[in-house]
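What follows is one structure encoded as structure tokens, with my remarks underneath.
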Amino acid sequence: MTTKVVTRFAPSPTGFLHIGGARTALFNWLYAKANGGTFLLRIEDTDRARSSKEAVEAILEGLEWLGLDWDGEPIYQHTRAERHREVAGELLDKGLAYRCYCSPEELAAMRERARAEGRPPIYDGTWRDRGVGEAPEGVAPAIRLKAARDGETIIDDEVQGRVVFQNNVLDDLILLRSDGSPTYMLSVVVDDHDMGITHVVRGDDHLTNAARQSQLFEAMGWQRPIFAHVPLIHGPDGAKLSKRHGSLGVESYRAMGYLPAALRNYLVRLGWSHGDDEIFTTEQIIAWFDFAGIGRSPARFDFKKLENLNGHYIRENSDQSLIAQIKRGLGEFESDAGLPQSLTDGQWLQLEAAMPGLKERARTLVELMESAGYLWAKRPLTLDGKAAKLLDEAGRNVLAGVLPRLEAVNPWVSDELEAAVRGFAEDEALKLGKVAQPLRAALTGTTTSPGIFDVLEVLGREESLARVADQVARETA
RNA sequence: GCCCCCUUCGUCUAGUGGUUAGGACGCCAGAUUUUCAUUCUGGAAACAGGAGUUCGAUUCUCCUAGGGGGUGCCA
């Protein structure tokens, strides 16, 4: 009985797509892909007050950017409220649910009492077996599931293993609020069933819910999906990931210059492993992903490792692909250096020409753009401290000496430029570095950059000579 | 309080009764080098603690400690 795999990602649109959600989505996507199944997207917006259109858009955009494409149209849970009420009604008719007239105050007192007596703080079933006749005047009831009080509910979880809950610690959960609106607990179960979800992959903060939902599935006589509760991602301090550390929206990672492929690789490796493998192509992840490889302990988010991985992916990417990704993100990149918001066609071409030297040195797209700053720096260049120090009188003398040699270079290409500069260094009995560093300072205003001959070539004859001349002229000024 | 889950280098992890406990990031040292990176070589670095079971436990069981999650008419 091999049924087709159907997974879903079901975020509630109360904020951006945070990194934990992204990983959950990734796992669902991977499992579906790995099994030739379907990956659905359901927006859990039953809490209308806390849901927003902006959040929905942020989530959709985040998934798209990460390359996690879903099948069909997203399903908005609030549009299915009628169906949810219908199921609650059915349960009521079958005697598997009942009306509860307790006030919030009574409920709070009930929990308080249980806690004080060391009992599980759950609803005590006050209205479980009372007739409608006893209902107080003018109080709208909530509808509760009549859950089993004895025995146990067992979840055979794909990652957590066999987890047993005693039914007496589980509530008679609320299906319909007193205003008639369906609760999350009812909605997920009905939707997962109606959508034909075969595998529910989500954070392990839902593990207890799985037991409750399991009872609901049972009450309706529906087959339960297979559960896989993956551990949450924690911050560097071991506590739950919050905005303080890494729990930013995925758009923040884009703004920091991370590549979707790198983030995917990092995220899948966080809590999941395939032997000693660290770097995977998307095809490999899909082929190798399984629940067995997911660990049961929470993992901490490590920016250092993400950066390293991202650097790897930047080096692996083609110049064209990097240009395309920079074009997409340029306006959103966050940098203290103040990156340009846009580039001219000519600058894009220069950037592409400089890309081989640039991508070797960057761990993020932002770093890459920061180090490309010399390309569009305006003459006369402002020198940073180290560069200024390098261009003391001695340094400027070297520049004055090498300038005529550069002027004589033709064609203006890296190899020819290197020959000219090396020739000058030899003639003057200088180590190459003694010439290259002042040149670098004059051409880029800094002491670090891609190979100096590449810099010269990319900058072009006119601009290069002018920048060097600027510094030489400073001597006499 | 009650329920559930977790615990191998700083971090992510491999390991499934017998290993010099492996890899990756980070860190340190060295090599290459026109700077910075890249690349390469080497190094330091871990089985939370205590009882069992066993000829033998990182691997199995129990307890303790620590961490996490849940405990809503939120999702």
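Lettering and numbering for the structure tokens are positional, with chains as A, B, ... in the shown order, residues counted from 1 in each chain, and ligands counted from 1 in the shown order.
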For this session: Please report as a PyMOL selection string which residues of chain B come no farther than 7 Å from chain A, using only C-alpha atoms (C1' of nucleotides).
Result: chain B and resi 1-3+6+11-12+14+23-25+34-38+69-71+73+75
Would you put the residues from that selection into a file with N, CA, C and O atoms (P, O5', C5', C4', C3', O3' and C1' of nucleotides), as a compact mmCIF listing (two decimals), in the first residue's frame?
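Okay, this is what ended up in out_16.txt:
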# COMPACT_ATOMS: atom_id res chain seq x y z
P G B 1 9.36 22.00 40.05
O5' G B 1 7.80 21.66 40.19
C5' G B 1 7.31 21.27 41.48
C4' G B 1 5.83 21.02 41.33
C3' G B 1 5.48 19.98 40.28
O3' G B 1 5.45 18.70 40.87
C1' G B 1 4.20 21.94 39.89
P C B 2 6.05 17.43 40.13
O5' C B 2 5.07 17.24 38.89
C5' C B 2 3.78 16.67 39.08
C4' C B 2 3.02 16.71 37.78
C3' C B 2 3.75 16.11 36.59
O3' C B 2 3.61 14.70 36.55
C1' C B 2 2.84 18.20 35.98
P C B 3 4.79 13.81 35.94
O5' C B 3 4.55 14.01 34.37
C5' C B 3 3.39 13.49 33.75
C4' C B 3 3.36 13.89 32.29
C3' C B 3 4.62 13.57 31.51
O3' C B 3 4.64 12.23 31.07
C1' C B 3 3.96 15.78 31.06
P C B 6 14.92 11.45 23.77
O5' C B 6 15.99 12.63 23.83
C5' C B 6 16.37 13.32 22.64
C4' C B 6 17.27 14.49 23.00
C3' C B 6 18.57 14.12 23.67
O3' C B 6 19.54 13.78 22.71
C1' C B 6 17.55 15.89 24.85
P U B 11 29.63 23.36 22.78
O5' U B 11 29.42 23.86 21.27
C5' U B 11 28.62 25.01 21.00
C4' U B 11 28.45 25.15 19.51
C3' U B 11 27.94 23.89 18.81
O3' U B 11 26.53 23.78 18.89
C1' U B 11 29.82 24.70 17.65
P C B 12 25.87 22.32 18.81
O5' C B 12 26.04 21.96 17.27
C5' C B 12 25.34 22.72 16.27
C4' C B 12 25.61 22.11 14.92
C3' C B 12 25.37 20.60 14.87
O3' C B 12 24.00 20.30 14.71
C1' C B 12 27.44 21.11 13.85
P A B 14 25.09 12.34 14.10
O5' A B 14 26.42 11.65 13.56
C5' A B 14 26.67 11.57 12.16
C4' A B 14 27.88 10.72 11.88
C3' A B 14 27.88 9.36 12.55
O3' A B 14 27.09 8.43 11.82
C1' A B 14 30.01 10.36 12.72
P G B 23 39.79 13.21 11.58
O5' G B 23 38.56 13.83 10.79
C5' G B 23 38.29 13.40 9.46
C4' G B 23 36.99 13.99 8.99
C3' G B 23 36.91 15.51 9.03
O3' G B 23 37.53 16.11 7.92
C1' G B 23 34.93 14.58 9.93
P A B 24 38.14 17.60 8.08
O5' A B 24 36.83 18.50 8.20
C5' A B 24 35.95 18.63 7.09
C4' A B 24 34.80 19.52 7.48
C3' A B 24 35.19 20.86 8.09
O3' A B 24 35.54 21.81 7.11
C1' A B 24 33.50 19.86 9.40
P C B 25 36.57 22.98 7.50
O5' C B 25 35.70 23.96 8.41
C5' C B 25 34.58 24.65 7.87
C4' C B 25 33.89 25.41 8.97
C3' C B 25 34.77 26.36 9.76
O3' C B 25 34.93 27.60 9.09
C1' C B 25 33.45 25.09 11.24
P U B 34 55.14 36.74 -4.70
O5' U B 34 54.43 37.96 -3.99
C5' U B 34 55.18 39.08 -3.57
C4' U B 34 54.25 40.23 -3.33
C3' U B 34 52.96 39.85 -2.63
O3' U B 34 53.17 39.88 -1.23
C1' U B 34 52.50 41.22 -4.54
P U B 35 52.32 38.96 -0.27
O5' U B 35 51.21 39.97 0.24
C5' U B 35 51.57 41.10 1.05
C4' U B 35 50.32 41.89 1.34
C3' U B 35 49.17 41.06 1.90
O3' U B 35 49.29 40.97 3.31
C1' U B 35 48.39 42.41 0.12
P C B 36 48.85 39.61 4.02
O5' C B 36 47.28 39.58 3.82
C5' C B 36 46.46 40.60 4.38
C4' C B 36 45.07 40.46 3.82
C3' C B 36 44.48 39.06 3.89
O3' C B 36 43.92 38.82 5.16
C1' C B 36 44.12 39.97 1.73
P A B 37 43.66 37.32 5.63
O5' A B 37 42.51 36.89 4.63
C5' A B 37 42.37 35.56 4.25
C4' A B 37 41.49 35.51 3.03
C3' A B 37 41.38 34.13 2.43
O3' A B 37 40.37 33.38 3.07
C1' A B 37 41.97 35.66 0.74
P U B 38 40.69 31.86 3.46
O5' U B 38 40.83 31.16 2.05
C5' U B 38 39.77 31.24 1.11
C4' U B 38 40.24 30.76 -0.23
C3' U B 38 40.87 29.36 -0.24
O3' U B 38 39.87 28.37 -0.28
C1' U B 38 42.25 30.84 -1.46
P G B 69 12.62 26.44 25.20
O5' G B 69 11.49 25.38 24.85
C5' G B 69 11.30 24.98 23.50
C4' G B 69 10.30 23.86 23.44
C3' G B 69 8.95 24.14 24.04
O3' G B 69 8.12 24.90 23.18
C1' G B 69 9.68 22.02 24.73
P G B 70 7.00 25.85 23.84
O5' G B 70 5.94 24.80 24.38
C5' G B 70 5.24 23.97 23.48
C4' G B 70 4.45 22.95 24.24
C3' G B 70 3.42 23.50 25.21
O3' G B 70 2.23 23.87 24.55
C1' G B 70 4.62 21.75 26.25
P U B 71 1.37 25.10 25.15
O5' U B 71 0.84 24.55 26.55
C5' U B 71 -0.11 23.49 26.58
C4' U B 71 -0.23 22.98 27.98
C3' U B 71 -0.71 24.02 29.00
O3' U B 71 -2.12 24.11 28.98
C1' U B 71 1.13 22.80 29.87
P C B 73 -8.17 27.48 27.04
O5' C B 73 -9.05 28.09 25.86
C5' C B 73 -9.11 27.50 24.60
C4' C B 73 -9.68 28.54 23.68
C3' C B 73 -9.15 29.93 24.09
O3' C B 73 -8.31 30.41 23.05
C1' C B 73 -11.60 29.81 24.09
P A B 75 -5.69 29.48 17.39
O5' A B 75 -4.29 29.32 16.65
C5' A B 75 -3.83 30.31 15.72
C4' A B 75 -2.40 29.98 15.37
C3' A B 75 -2.21 28.61 14.73
O3' A B 75 -2.41 28.64 13.34
C1' A B 75 -0.68 28.85 16.50
Exercise. Do you know which residues are at most 8 Å from Ala55 (chain A) counting only C-alpha atoms (C1' of nucleotides), after dropping those on the same chain fewer than 2 positions away, and could you put them as a list in words?
Worked result: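 Final neighbour list, sorted by chain and number: Pro13, Thr14, Gly15, Phe16, Leu17, Ser51, Ser52, Lys53, Glu57, Ala58 and Ile59 of chain A.
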Suppose we keep all heavy atoms; can you now write the selection as a PDB file, in the first residue's frame?
ATOM      1  N   PRO A  13       0.824  33.288   9.689  1.00  0.00           N
ATOM      2  CA  PRO A  13       1.352  34.559   9.186  1.00  0.00           C
ATOM      3  C   PRO A  13       1.298  35.663  10.231  1.00  0.00           C
ATOM      4  O   PRO A  13       0.609  36.667  10.057  1.00  0.00           O
ATOM      5  CB  PRO A  13       0.437  34.862   8.004  1.00  0.00           C
ATOM      6  CG  PRO A  13      -0.871  34.249   8.403  1.00  0.00           C
ATOM      7  CD  PRO A  13      -0.554  33.045   9.237  1.00  0.00           C
ATOM      8  N   THR A  14       2.038  35.485  11.301  1.00  0.00           N
ATOM      9  CA  THR A  14       2.068  36.508  12.352  1.00  0.00           C
ATOM     10  C   THR A  14       3.402  37.236  12.332  1.00  0.00           C
ATOM     11  O   THR A  14       3.658  38.087  13.164  1.00  0.00           O
ATOM     12  CB  THR A  14       1.852  35.870  13.734  1.00  0.00           C
ATOM     13  OG1 THR A  14       2.794  34.796  13.887  1.00  0.00           O
ATOM     14  CG2 THR A  14       0.465  35.310  13.849  1.00  0.00           C
ATOM     15  N   GLY A  15       4.271  36.853  11.398  1.00  0.00           N
ATOM     16  CA  GLY A  15       5.569  37.511  11.289  1.00  0.00           C
ATOM     17  C   GLY A  15       6.285  36.990  10.072  1.00  0.00           C
ATOM     18  O   GLY A  15       5.692  36.286   9.262  1.00  0.00           O
ATOM     19  N   PHE A  16       7.569  37.325   9.959  1.00  0.00           N
ATOM     20  CA  PHE A  16       8.332  36.875   8.803  1.00  0.00           C
ATOM     21  C   PHE A  16       8.587  35.374   8.850  1.00  0.00           C
ATOM     22  O   PHE A  16       8.241  34.697   9.818  1.00  0.00           O
ATOM     23  CB  PHE A  16       9.650  37.617   8.724  1.00  0.00           C
ATOM     24  CG  PHE A  16      10.379  37.686  10.050  1.00  0.00           C
ATOM     25  CD1 PHE A  16      10.494  36.561  10.867  1.00  0.00           C
ATOM     26  CD2 PHE A  16      10.931  38.878  10.488  1.00  0.00           C
ATOM     27  CE1 PHE A  16      11.161  36.619  12.064  1.00  0.00           C
ATOM     28  CE2 PHE A  16      11.611  38.935  11.703  1.00  0.00           C
ATOM     29  CZ  PHE A  16      11.716  37.810  12.489  1.00  0.00           C
ATOM     30  N   LEU A  17       9.169  34.862   7.812  1.00  0.00           N
ATOM     31  CA  LEU A  17       9.567  33.451   7.780  1.00  0.00           C
ATOM     32  C   LEU A  17      10.896  33.339   8.504  1.00  0.00           C
ATOM     33  O   LEU A  17      11.929  33.711   7.983  1.00  0.00           O
ATOM     34  CB  LEU A  17       9.729  32.992   6.325  1.00  0.00           C
ATOM     35  CG  LEU A  17      10.267  31.574   6.119  1.00  0.00           C
ATOM     36  CD1 LEU A  17       9.325  30.527   6.699  1.00  0.00           C
ATOM     37  CD2 LEU A  17      10.516  31.300   4.650  1.00  0.00           C
ATOM     38  N   SER A  51      -2.975  37.756  12.226  1.00  0.00           N
ATOM     39  CA  SER A  51      -2.453  37.465  10.896  1.00  0.00           C
ATOM     40  C   SER A  51      -2.417  38.730  10.051  1.00  0.00           C
ATOM     41  O   SER A  51      -3.255  39.600  10.188  1.00  0.00           O
ATOM     42  CB  SER A  51      -3.346  36.436  10.197  1.00  0.00           C
ATOM     43  OG  SER A  51      -3.423  35.266  10.980  1.00  0.00           O
ATOM     44  N   SER A  52      -1.429  38.798   9.181  1.00  0.00           N
ATOM     45  CA  SER A  52      -1.367  39.964   8.315  1.00  0.00           C
ATOM     46  C   SER A  52      -0.967  39.586   6.890  1.00  0.00           C
ATOM     47  O   SER A  52      -0.308  38.581   6.661  1.00  0.00           O
ATOM     48  CB  SER A  52      -0.374  40.983   8.866  1.00  0.00           C
ATOM     49  OG  SER A  52       0.944  40.552   8.614  1.00  0.00           O
ATOM     50  N   LYS A  53      -1.405  40.407   5.986  1.00  0.00           N
ATOM     51  CA  LYS A  53      -1.109  40.214   4.570  1.00  0.00           C
ATOM     52  C   LYS A  53       0.392  40.338   4.322  1.00  0.00           C
ATOM     53  O   LYS A  53       0.972  39.613   3.524  1.00  0.00           O
ATOM     54  CB  LYS A  53      -1.857  41.287   3.775  1.00  0.00           C
ATOM     55  CG  LYS A  53      -2.000  41.007   2.306  1.00  0.00           C
ATOM     56  CD  LYS A  53      -3.021  41.964   1.691  1.00  0.00           C
ATOM     57  CE  LYS A  53      -3.064  41.872   0.164  1.00  0.00           C
ATOM     58  NZ  LYS A  53      -2.077  42.747  -0.487  1.00  0.00           N
ATOM     59  N   GLU A  57       2.998  37.644   2.610  1.00  0.00           N
ATOM     60  CA  GLU A  57       3.901  37.957   1.506  1.00  0.00           C
ATOM     61  C   GLU A  57       5.354  37.664   1.845  1.00  0.00           C
ATOM     62  O   GLU A  57       6.109  37.138   1.026  1.00  0.00           O
ATOM     63  CB  GLU A  57       3.745  39.420   1.096  1.00  0.00           C
ATOM     64  CG  GLU A  57       2.689  39.588   0.021  1.00  0.00           C
ATOM     65  CD  GLU A  57       2.144  41.006  -0.050  1.00  0.00           C
ATOM     66  OE1 GLU A  57       2.867  41.927   0.347  1.00  0.00           O
ATOM     67  OE2 GLU A  57       0.999  41.160  -0.506  1.00  0.00           O
ATOM     68  N   ALA A  58       5.729  37.998   3.076  1.00  0.00           N
ATOM     69  CA  ALA A  58       7.111  37.747   3.503  1.00  0.00           C
ATOM     70  C   ALA A  58       7.418  36.253   3.469  1.00  0.00           C
ATOM     71  O   ALA A  58       8.497  35.833   3.056  1.00  0.00           O
ATOM     72  CB  ALA A  58       7.343  38.300   4.902  1.00  0.00           C
ATOM     73  N   ILE A  59       6.442  35.460   3.880  1.00  0.00           N
ATOM     74  CA  ILE A  59       6.642  34.012   3.900  1.00  0.00           C
ATOM     75  C   ILE A  59       6.756  33.461   2.484  1.00  0.00           C
ATOM     76  O   ILE A  59       7.659  32.694   2.163  1.00  0.00           O
ATOM     77  CB  ILE A  59       5.491  33.327   4.662  1.00  0.00           C
ATOM     78  CG1 ILE A  59       5.613  33.633   6.150  1.00  0.00           C
ATOM     79  CG2 ILE A  59       5.499  31.827   4.422  1.00  0.00           C
ATOM     80  CD1 ILE A  59       4.385  33.294   6.974  1.00  0.00           C
TER      81      ILE A  59
END
Would you list, as a PDB file with C-alpha atoms, in the first residue's frame, the residues of region 161-329 of chain A that end up in strand (DSSP E or B) under DSSP run on this structure's backbone?
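After the write, selection01.pdb holds the following:
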ATOM      1  CA  GLY A 161      10.694   7.390  18.251  1.00  0.00           C
ATOM      2  CA  ARG A 162       7.840   5.914  20.269  1.00  0.00           C
ATOM      3  CA  VAL A 163       6.438   8.509  22.624  1.00  0.00           C
ATOM      4  CA  VAL A 164       3.759   7.515  25.100  1.00  0.00           C
ATOM      5  CA  PHE A 165       1.340   9.944  26.703  1.00  0.00           C
ATOM      6  CA  GLN A 166      -0.976   8.926  29.503  1.00  0.00           C
ATOM      7  CA  ILE A 174     -11.579  22.984  22.623  1.00  0.00           C
ATOM      8  CA  LEU A 175     -12.825  22.503  19.081  1.00  0.00           C
ATOM      9  CA  LEU A 176     -14.973  25.599  18.692  1.00  0.00           C
ATOM     10  CA  PRO A 182     -12.655  26.857  15.097  1.00  0.00           C
ATOM     11  CA  HIS A 199       3.573  13.108   6.618  1.00  0.00           C
ATOM     12  CA  VAL A 200       3.489  15.913   9.121  1.00  0.00           C
ATOM     13  CA  VAL A 201       6.979  17.326   9.565  1.00  0.00           C
ATOM     14  CA  ARG A 202       7.167  20.182  12.057  1.00  0.00           C
ATOM     15  CA  GLY A 203       9.006  21.521  15.101  1.00  0.00           C
ATOM     16  CA  ILE A 226       2.952   9.902   9.991  1.00  0.00           C
ATOM     17  CA  PHE A 227       4.586  12.378  12.332  1.00  0.00           C
ATOM     18  CA  ALA A 228       8.153  13.644  12.289  1.00  0.00           C
ATOM     19  CA  HIS A 229       8.882  16.202  14.978  1.00  0.00           C
ATOM     20  CA  VAL A 230      12.231  17.837  14.410  1.00  0.00           C
ATOM     21  CA  ILE A 233      17.043  25.494  16.436  1.00  0.00           C
ATOM     22  CA  HIS A 234      18.621  27.263  19.374  1.00  0.00           C
ATOM     23  CA  LYS A 240      15.356  29.176  22.128  1.00  0.00           C
ATOM     24  CA  GLY A 249      13.562  36.465   8.706  1.00  0.00           C
ATOM     25  CA  TRP A 272      20.638  16.212   9.960  1.00  0.00           C
ATOM     26  CA  ILE A 294      17.774  13.717  11.879  1.00  0.00           C
ATOM     27  CA  ALA A 299      21.154  22.411  17.426  1.00  0.00           C
ATOM     28  CA  ARG A 300      22.648  25.833  17.885  1.00  0.00           C
TER      29      ARG A 300
END
For region 61-66 of chain B, please output as a compact mmCIF listing (two decimals) with all heavy atoms, in the first residue's frame all residues within 9 Å (counting only C-alpha atoms (C1' of nucleotides); exclusion window: fewer than 5 positions along the same chain).
# COMPACT_ATOMS: atom_id res chain seq x y z
P U B 7 20.80 12.83 23.18
OP1 U B 7 21.49 12.46 21.94
OP2 U B 7 20.28 11.79 24.08
O5' U B 7 21.74 13.81 24.03
C5' U B 7 22.15 15.08 23.45
C4' U B 7 23.17 15.69 24.40
O4' U B 7 22.51 16.06 25.64
C3' U B 7 24.30 14.71 24.74
O3' U B 7 25.60 15.16 24.45
C2' U B 7 24.04 14.29 26.19
O2' U B 7 25.24 14.30 26.93
C1' U B 7 23.13 15.39 26.74
N1 U B 7 22.08 14.87 27.63
C2 U B 7 22.15 15.29 28.96
O2 U B 7 23.01 16.04 29.36
N3 U B 7 21.15 14.79 29.77
C4 U B 7 20.13 13.94 29.40
O4 U B 7 19.30 13.58 30.23
C5 U B 7 20.15 13.54 28.01
C6 U B 7 21.10 14.01 27.19
P A B 48 28.57 12.42 27.78
OP1 A B 48 28.16 11.06 28.13
OP2 A B 48 27.70 13.30 26.96
O5' A B 48 28.92 13.17 29.14
C5' A B 48 29.68 14.37 29.13
C4' A B 48 29.57 15.01 30.49
O4' A B 48 28.28 15.66 30.59
C3' A B 48 29.60 14.01 31.64
O3' A B 48 30.93 13.77 32.06
C2' A B 48 28.80 14.74 32.71
O2' A B 48 29.58 15.70 33.37
C1' A B 48 27.73 15.43 31.86
N9 A B 48 26.52 14.61 31.69
C8 A B 48 26.03 14.09 30.53
N7 A B 48 24.93 13.39 30.67
C5 A B 48 24.67 13.47 32.02
C6 A B 48 23.64 12.95 32.82
N6 A B 48 22.62 12.23 32.34
N1 A B 48 23.66 13.21 34.15
C2 A B 48 24.67 13.94 34.63
N3 A B 48 25.71 14.48 33.98
C4 A B 48 25.64 14.22 32.67
P G B 49 31.32 12.29 32.60
OP1 G B 49 32.79 12.25 32.79
OP2 G B 49 30.65 11.28 31.76
O5' G B 49 30.64 12.27 34.04
C5' G B 49 31.12 13.12 35.08
C4' G B 49 30.31 12.89 36.33
O4' G B 49 28.94 13.32 36.09
C3' G B 49 30.17 11.42 36.71
O3' G B 49 31.27 10.96 37.46
C2' G B 49 28.89 11.45 37.55
O2' G B 49 29.12 11.93 38.85
C1' G B 49 28.05 12.45 36.77
N9 G B 49 27.19 11.81 35.78
C8 G B 49 27.38 11.73 34.42
N7 G B 49 26.43 11.07 33.80
C5 G B 49 25.57 10.69 34.82
C6 G B 49 24.35 9.95 34.77
O6 G B 49 23.78 9.46 33.79
N1 G B 49 23.80 9.79 36.04
C2 G B 49 24.34 10.27 37.20
N2 G B 49 23.68 10.00 38.32
N3 G B 49 25.47 10.96 37.26
C4 G B 49 26.03 11.14 36.05
P G B 50 31.64 9.42 37.50
OP1 G B 50 32.87 9.24 38.30
OP2 G B 50 31.58 8.91 36.11
O5' G B 50 30.40 8.80 38.29
C5' G B 50 30.18 9.19 39.64
C4' G B 50 28.97 8.48 40.18
O4' G B 50 27.78 8.96 39.52
C3' G B 50 28.94 6.98 39.90
O3' G B 50 29.74 6.27 40.82
C2' G B 50 27.45 6.67 40.06
O2' G B 50 27.07 6.58 41.42
C1' G B 50 26.82 7.91 39.43
N9 G B 50 26.50 7.67 38.03
C8 G B 50 27.24 8.05 36.91
N7 G B 50 26.68 7.68 35.79
C5 G B 50 25.51 7.03 36.18
C6 G B 50 24.49 6.41 35.40
O6 G B 50 24.42 6.32 34.17
N1 G B 50 23.49 5.88 36.19
C2 G B 50 23.47 5.92 37.56
N2 G B 50 22.42 5.34 38.15
N3 G B 50 24.40 6.50 38.30
C4 G B 50 25.39 7.02 37.55
P A B 51 30.02 4.69 40.59
OP1 A B 51 31.17 4.26 41.42
OP2 A B 51 30.04 4.43 39.13
O5' A B 51 28.69 4.07 41.19
C5' A B 51 28.40 2.71 40.99
C4' A B 51 26.91 2.48 41.14
O4' A B 51 26.18 3.54 40.48
C3' A B 51 26.46 1.19 40.47
O3' A B 51 26.61 0.09 41.32
C2' A B 51 25.00 1.50 40.14
O2' A B 51 24.16 1.35 41.24
C1' A B 51 25.11 2.98 39.73
N9 A B 51 25.40 3.14 38.31
C8 A B 51 26.52 3.72 37.74
N7 A B 51 26.51 3.74 36.43
C5 A B 51 25.30 3.12 36.10
C6 A B 51 24.70 2.83 34.87
N6 A B 51 25.25 3.12 33.70
N1 A B 51 23.51 2.20 34.90
C2 A B 51 22.95 1.90 36.08
N3 A B 51 23.42 2.13 37.30
C4 A B 51 24.61 2.76 37.25
P G B 52 27.69 -1.03 40.91
OP1 G B 52 27.34 -2.27 41.63
OP2 G B 52 29.04 -0.43 41.03
O5' G B 52 27.39 -1.24 39.37
C5' G B 52 27.02 -2.51 38.88
C4' G B 52 25.52 -2.62 38.76
O4' G B 52 24.95 -1.32 38.40
C3' G B 52 25.11 -3.59 37.68
O3' G B 52 24.83 -4.85 38.26
C2' G B 52 23.88 -2.94 37.05
O2' G B 52 22.69 -3.26 37.71
C1' G B 52 24.20 -1.44 37.21
N9 G B 52 24.99 -0.88 36.11
C8 G B 52 26.19 -0.21 36.24
N7 G B 52 26.68 0.20 35.09
C5 G B 52 25.75 -0.24 34.15
C6 G B 52 25.76 -0.11 32.74
O6 G B 52 26.60 0.45 32.03
N1 G B 52 24.64 -0.70 32.16
C2 G B 52 23.65 -1.35 32.86
N2 G B 52 22.65 -1.86 32.14
N3 G B 52 23.63 -1.48 34.19
C4 G B 52 24.71 -0.91 34.75
P U B 53 25.76 -6.08 37.84
OP1 U B 53 25.41 -7.24 38.69
OP2 U B 53 27.17 -5.60 37.77
O5' U B 53 25.25 -6.38 36.36
C5' U B 53 23.85 -6.61 36.13
C4' U B 53 23.60 -6.73 34.65
O4' U B 53 23.57 -5.40 34.05
C3' U B 53 24.71 -7.44 33.89
O3' U B 53 24.56 -8.86 33.96
C2' U B 53 24.53 -6.90 32.48
O2' U B 53 23.46 -7.52 31.80
C1' U B 53 24.16 -5.43 32.77
N1 U B 53 25.34 -4.55 32.78
C2 U B 53 25.82 -4.11 31.56
O2 U B 53 25.31 -4.43 30.50
N3 U B 53 26.92 -3.29 31.62
C4 U B 53 27.56 -2.87 32.76
O4 U B 53 28.54 -2.13 32.66
C5 U B 53 27.01 -3.37 33.99
C6 U B 53 25.94 -4.18 33.96
